[in-house]
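Peer 1: Coordinates in query.tsv, TSV, C-alpha atoms, are listed below.
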```
chain	number	residue	atom	x	y	z
A	1	MET	CA	0.00	0.00	0.00
A	2	VAL	CA	1.35	3.42	-0.97
A	3	ARG	CA	1.26	5.97	1.86
A	4	PRO	CA	0.38	9.53	0.83
A	5	VAL	CA	2.96	12.26	1.31
A	6	ILE	CA	1.87	14.65	4.05
A	7	LEU	CA	2.74	18.27	3.54
A	8	VAL	CA	3.31	19.95	6.89
A	9	LEU	CA	3.27	23.71	7.23
A	10	LEU	CA	5.09	25.90	9.67
A	11	PHE	CA	4.06	29.55	9.78
A	12	PHE	CA	6.22	32.19	11.38
A	13	ASN	CA	5.05	35.62	12.40
A	14	ILE	CA	7.61	38.28	13.17
A	15	SER	CA	5.71	41.20	14.57
A	16	ALA	CA	6.64	44.84	15.00
A	17	PRO	CA	4.70	48.13	15.08
A	18	ALA	CA	3.22	49.60	11.92
A	19	GLY	CA	5.70	51.43	9.71
A	20	THR	CA	8.58	49.01	10.31
A	21	THR	CA	10.13	46.73	7.72
A	22	VAL	CA	8.27	43.69	9.00
A	23	GLY	CA	4.66	44.72	8.45
A	24	THR	CA	1.57	45.14	10.55
A	25	ARG	CA	-0.51	42.79	12.64
A	26	ASP	CA	-3.27	42.50	10.03
A	27	VAL	CA	-1.05	40.55	7.61
A	28	LEU	CA	0.03	38.05	10.28
A	29	TYR	CA	-1.76	34.90	11.30
A	30	PRO	CA	-3.71	35.64	14.49
A	31	PHE	CA	-1.61	35.33	17.63
A	32	GLY	CA	-1.59	35.98	21.36
A	33	PRO	CA	-3.53	34.83	24.41
A	34	ALA	CA	-6.89	35.54	22.73
A	35	HIS	CA	-6.01	32.80	20.21
A	36	MET	CA	-5.00	30.24	22.85
A	37	ASP	CA	-1.28	30.71	22.21
A	38	LEU	CA	1.25	29.55	24.74
A	39	GLU	CA	4.32	31.70	25.59
A	40	THR	CA	7.98	30.90	25.95
A	41	PRO	CA	9.59	31.77	29.30
A	42	LYS	CA	10.63	35.42	29.64
A	43	MET	CA	14.39	34.98	29.86
A	44	ASP	CA	17.58	35.43	27.92
A	45	ASP	CA	18.36	32.47	25.65
A	46	GLY	CA	15.26	30.62	26.87
A	47	SER	CA	13.18	27.93	25.23
A	48	THR	CA	9.95	26.05	25.61
A	49	PRO	CA	10.00	22.61	27.09
A	50	GLU	CA	9.80	19.87	24.48
A	51	ILE	CA	6.49	20.29	22.60
A	52	PRO	CA	4.79	17.05	21.48
A	53	LEU	CA	3.16	17.47	18.06
A	54	LEU	CA	-0.22	16.16	16.91
A	55	VAL	CA	1.36	14.97	13.65
A	56	PRO	CA	4.99	14.17	12.81
A	57	PHE	CA	6.88	17.11	11.31
A	58	VAL	CA	8.95	15.78	8.40
A	59	PHE	CA	12.10	17.87	7.87
A	60	PHE	CA	14.68	16.74	5.29
A	61	SER	CA	13.07	13.26	5.25
A	62	THR	CA	13.30	12.86	9.04
A	63	PRO	CA	10.01	12.75	10.98
A	64	TYR	CA	10.07	14.65	14.27
A	65	ARG	CA	7.35	14.19	16.86
A	66	THR	CA	8.47	17.07	19.09
A	67	ILE	CA	9.91	20.56	18.64
A	68	TYR	CA	11.19	23.47	20.73
A	69	VAL	CA	10.42	27.16	20.22
A	70	ASN	CA	13.58	29.00	21.21
A	71	ASN	CA	13.61	32.66	22.25
A	72	ASN	CA	16.51	33.45	19.92
A	73	GLY	CA	14.35	32.89	16.83
A	74	VAL	CA	14.89	29.19	16.19
A	75	ILE	CA	12.45	26.25	15.96
A	76	SER	CA	14.53	23.20	16.83
A	77	PHE	CA	14.24	19.43	16.87
A	78	ASN	CA	15.69	17.03	19.48
A	79	GLU	CA	17.12	19.78	21.71
A	80	HIS	CA	16.68	23.43	22.59
A	81	VAL	CA	19.09	25.94	21.05
A	82	SER	CA	20.34	28.72	23.30
A	83	GLN	CA	22.99	29.91	20.84
A	84	PHE	CA	22.31	33.49	19.78
A	85	THR	CA	25.03	34.01	17.16
A	86	PRO	CA	23.93	32.79	13.74
A	87	GLU	CA	26.19	30.47	11.77
A	88	ALA	CA	26.28	29.67	8.09
A	89	PHE	CA	24.30	26.66	6.98
A	90	PRO	CA	24.84	23.76	6.84
A	91	LEU	CA	25.95	23.59	10.47
A	92	SER	CA	29.01	21.56	11.33
A	93	ASP	CA	27.24	19.69	14.14
A	94	SER	CA	24.14	17.49	14.02
A	95	ARG	CA	21.56	20.07	15.17
A	96	SER	CA	18.42	20.32	13.06
A	97	PHE	CA	16.39	23.50	13.15
A	98	ILE	CA	14.60	26.22	11.22
A	99	ALA	CA	15.80	29.77	11.86
A	100	PRO	CA	13.23	32.41	10.87
A	101	LEU	CA	14.75	35.05	13.19
A	102	TRP	CA	18.08	33.81	14.56
A	103	ALA	CA	19.18	36.73	16.72
A	104	ASP	CA	20.15	37.62	20.30
A	105	VAL	CA	16.57	38.17	21.48
A	106	HIS	CA	15.72	38.94	25.12
A	107	ASN	CA	11.98	38.76	25.69
A	108	GLY	CA	12.59	39.19	29.42
A	109	ILE	CA	13.25	42.86	28.63
A	110	ARG	CA	10.57	43.46	26.00
A	111	GLY	CA	8.14	41.51	23.86
A	112	ASP	CA	6.48	38.13	23.79
A	113	ILE	CA	7.07	34.88	21.95
A	114	TYR	CA	3.88	32.97	21.25
A	115	TYR	CA	3.28	29.58	19.69
A	116	ARG	CA	0.54	27.08	19.01
A	117	GLU	CA	-0.41	24.08	16.99
A	118	THR	CA	-3.77	24.33	15.26
A	119	THR	CA	-6.32	22.53	13.16
A	120	LEU	CA	-8.87	25.38	13.27
A	121	PRO	CA	-10.76	25.46	9.95
A	122	GLN	CA	-10.31	29.23	9.42
A	123	ILE	CA	-6.51	28.98	9.87
A	124	LEU	CA	-6.30	25.92	7.62
A	125	GLU	CA	-8.42	27.62	4.95
A	126	ARG	CA	-6.13	30.65	5.05
A	127	ALA	CA	-3.04	28.45	4.96
A	128	THR	CA	-4.46	26.52	2.01
A	129	HIS	CA	-5.17	29.78	0.18
A	130	ASP	CA	-1.71	31.20	0.96
A	131	VAL	CA	0.14	28.09	-0.18
A	132	ARG	CA	-1.89	27.78	-3.38
A	133	ARG	CA	-1.33	31.49	-4.11
A	134	HIS	CA	2.42	31.44	-3.52
A	135	PHE	CA	3.24	27.92	-4.71
A	136	LYS	CA	1.55	27.59	-8.08
A	137	ASN	CA	3.04	24.12	-8.58
A	138	ILE	CA	0.80	22.62	-5.83
A	139	PRO	CA	-2.69	23.85	-6.79
A	140	ASN	CA	-4.47	20.99	-4.99
A	141	PHE	CA	-2.78	21.57	-1.65
A	142	SER	CA	-5.07	21.41	1.39
A	143	ALA	CA	-3.69	22.23	4.86
A	144	THR	CA	-4.63	19.80	7.61
A	145	TRP	CA	-2.36	21.11	10.38
A	146	ALA	CA	-0.32	24.22	11.16
A	147	PHE	CA	2.17	25.40	13.76
A	148	ILE	CA	2.38	29.16	14.32
A	149	ALA	CA	5.24	30.88	16.16
A	150	THR	CA	5.30	34.65	16.71
A	151	TRP	CA	8.12	36.85	17.98
A	152	HIS	CA	6.07	39.92	18.96
A	153	GLU	CA	7.85	43.23	19.64
A	154	VAL	CA	10.97	41.53	21.06
A	155	THR	CA	14.17	43.46	21.71
A	156	PHE	CA	17.80	42.42	21.69
A	157	TYR	CA	20.02	41.40	24.59
A	158	GLY	CA	21.23	44.58	26.29
A	159	GLY	CA	18.17	46.49	25.09
A	160	SER	CA	15.50	48.12	27.23
A	161	GLN	CA	11.76	48.78	27.16
A	162	THR	CA	12.47	51.78	24.93
A	163	THR	CA	15.14	50.39	22.60
A	164	PRO	CA	14.18	49.35	19.10
A	165	MET	CA	12.75	45.93	18.55
A	166	VAL	CA	14.59	43.22	16.67
A	167	GLN	CA	14.05	43.80	12.97
A	168	CYS	CA	13.80	41.08	10.43
A	169	PRO	CA	17.28	40.85	8.83
A	170	SER	CA	17.82	41.00	5.09
A	171	SER	CA	17.95	37.21	4.90
A	172	CYS	CA	14.49	37.06	6.47
A	173	SER	CA	13.32	39.65	3.94
A	174	THR	CA	14.59	37.42	1.16
A	175	MET	CA	12.82	34.44	2.71
A	176	ARG	CA	9.56	36.42	2.84
A	177	LYS	CA	9.85	37.33	-0.82
A	178	SER	CA	10.60	33.80	-1.90
A	179	LEU	CA	8.28	31.91	0.44
A	180	GLY	CA	5.23	33.97	1.16
A	181	ALA	CA	3.47	37.24	1.77
A	182	LEU	CA	4.97	39.97	3.94
A	183	GLY	CA	4.94	38.85	7.54
A	184	ARG	CA	3.87	35.31	6.70
A	185	PRO	CA	6.93	33.38	5.62
A	186	VAL	CA	5.94	29.82	4.92
A	187	ALA	CA	8.33	26.91	5.30
A	188	GLU	CA	7.09	24.06	3.14
A	189	ILE	CA	8.43	20.74	4.34
A	190	LEU	CA	7.88	17.44	2.51
```
Could you render the structure from this file as structure tokens?
Peer 2:
Amino acid sequence: MVRPVILVLLFFNISAPAGTTVGTRDVLYPFGPAHMDLETPKMDDGSTPEIPLLVPFVFFSTPYRTIYVNNNGVISFNEHVSQFTPEAFPLSDSRSFIAPLWADVHNGIRGDIYYRETTLPQILERATHDVRRHFKNIPNFSATWAFIATWHEVTFYGGSQTTPMVQCPSSCSTMRKSLGALGRPVAEIL
């Protein structure tokens, strides 16, 4: 029996006030306590505990059943990542992760980092629409699951309540252009 390939989506929101290079809240997937999001601990180089997933997340042909949302802008597998200095990919060690905003973030000073897994029909409909719009080669795609992580108004280590928030670097800007609409980068994993 042939098993169907499951396309798993991971949506990242990087949020900042209107007028910044990242975009405004209305272009992001809904986030925050009103949407049943959980939060990472407010601390430098922090991470969630291991998060069990409803469905395996297949990343470079390896299925992962758990992930970590790390404060420094990394979604990791097998272990949390406290490292705040980005390295060139591929990494020389065996760590596997996705880095939508790899930076020295300190949400203990300012900002929040939210995350959730969802199968809500309105989110899946939007995800389906977004993927079909931005990936013309998969017109029959239908989302069945999504994971949303949001770095909302976070600042950098050494910052304060009044210092600028972490801005999406040029590499993130490139990722947005190639993978999705402003503020909604989409990582498509087979």
Peer 1: Given the choices A:Tyr68, A:Phe84, A:Trp102, A:Tyr115, which gets closest to Pro33 in chain A if the distance is worked out from all atoms listed in the file?
Peer 2: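 Using all atoms listed in the file, Pro33 in chain A sits closest to A:Tyr115.
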Peer 1: Choose the residue, out of A:Leu120, A:Thr162, A:Asn78, A:Phe156, that has the smallest atom-to-atom separation from Ala143 in chain A; count all atoms listed in the file.
Peer 2: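 Counting all atoms listed in the file, the residue closest to Ala143 in chain A is A:Leu120.
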Peer 1: The centre and edge lengths of an axis-aligned box containing all atoms of range 65-77 of chain A present in the file, extended by 6 Å on each side, are to be given in Å to one decimal, as AutoDock Vina command-line options.
Peer 2:
```
--center_x 11.9 --center_y 23.8 --center_z 19.1 --size_x 21.2 --size_y 31.3 --size_z 18.3
```
Peer 1: Report, in Å with one decimal, the straight-line distance from CA of Glu153 in chain A to CA of Ser76 in chain A.
Peer 2: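 Taking CA of Glu153 in chain A and CA of Ser76 in chain A, their separation equals 21.3 Å.
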Peer 1: Which of these residues is nearest to Thr144 in chain A, using all atoms listed in the file: A:Leu124, A:Val131, A:Val55, A:Met36?
Peer 2: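 Among the listed residues, the smallest separation from Thr144 in chain A belongs to A:Leu124.
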Peer 1: Near range 42-44 of chain A, counting only C-alpha atoms, which residues have an atom at most 9 Å away, once you skip same-chain residues fewer than 6 positions from it, shown as a list of chain:residue names?
Peer 2: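 Final neighbour list, sorted by chain and number: A:Asn71, A:Asn72, A:Ser82, A:Asp104, A:Val105, A:His106, A:Asn107, A:Gly108, A:Ile109, A:Arg110, A:Gly111, A:Asp112, A:Ile113, A:Tyr157.
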Peer 1: Give me a file of those residues, with C-alpha atoms, as a PDB file, in the frame of the given file.
Peer 2:
```pdb
ATOM      1  CA  ASN A  71      13.610  32.660  22.250  1.00  0.00           C
ATOM      2  CA  ASN A  72      16.510  33.450  19.920  1.00  0.00           C
ATOM      3  CA  SER A  82      20.340  28.720  23.300  1.00  0.00           C
ATOM      4  CA  ASP A 104      20.150  37.620  20.300  1.00  0.00           C
ATOM      5  CA  VAL A 105      16.570  38.170  21.480  1.00  0.00           C
ATOM      6  CA  HIS A 106      15.720  38.940  25.120  1.00  0.00           C
ATOM      7  CA  ASN A 107      11.980  38.760  25.690  1.00  0.00           C
ATOM      8  CA  GLY A 108      12.590  39.190  29.420  1.00  0.00           C
ATOM      9  CA  ILE A 109      13.250  42.860  28.630  1.00  0.00           C
ATOM     10  CA  ARG A 110      10.570  43.460  26.000  1.00  0.00           C
ATOM     11  CA  GLY A 111       8.140  41.510  23.860  1.00  0.00           C
ATOM     12  CA  ASP A 112       6.480  38.130  23.790  1.00  0.00           C
ATOM     13  CA  ILE A 113       7.070  34.880  21.950  1.00  0.00           C
ATOM     14  CA  TYR A 157      20.020  41.400  24.590  1.00  0.00           C
TER      15      TYR A 157
END
```
Peer 1: Could you pull the residues within 9 Å of Ala127 in chain A, counting all atoms listed in the file, minus those fewer than 2 positions along the same chain, as a PyMOL selection string?
Peer 2: chain A and resi 9+11+122-125+129-132+142-143+146
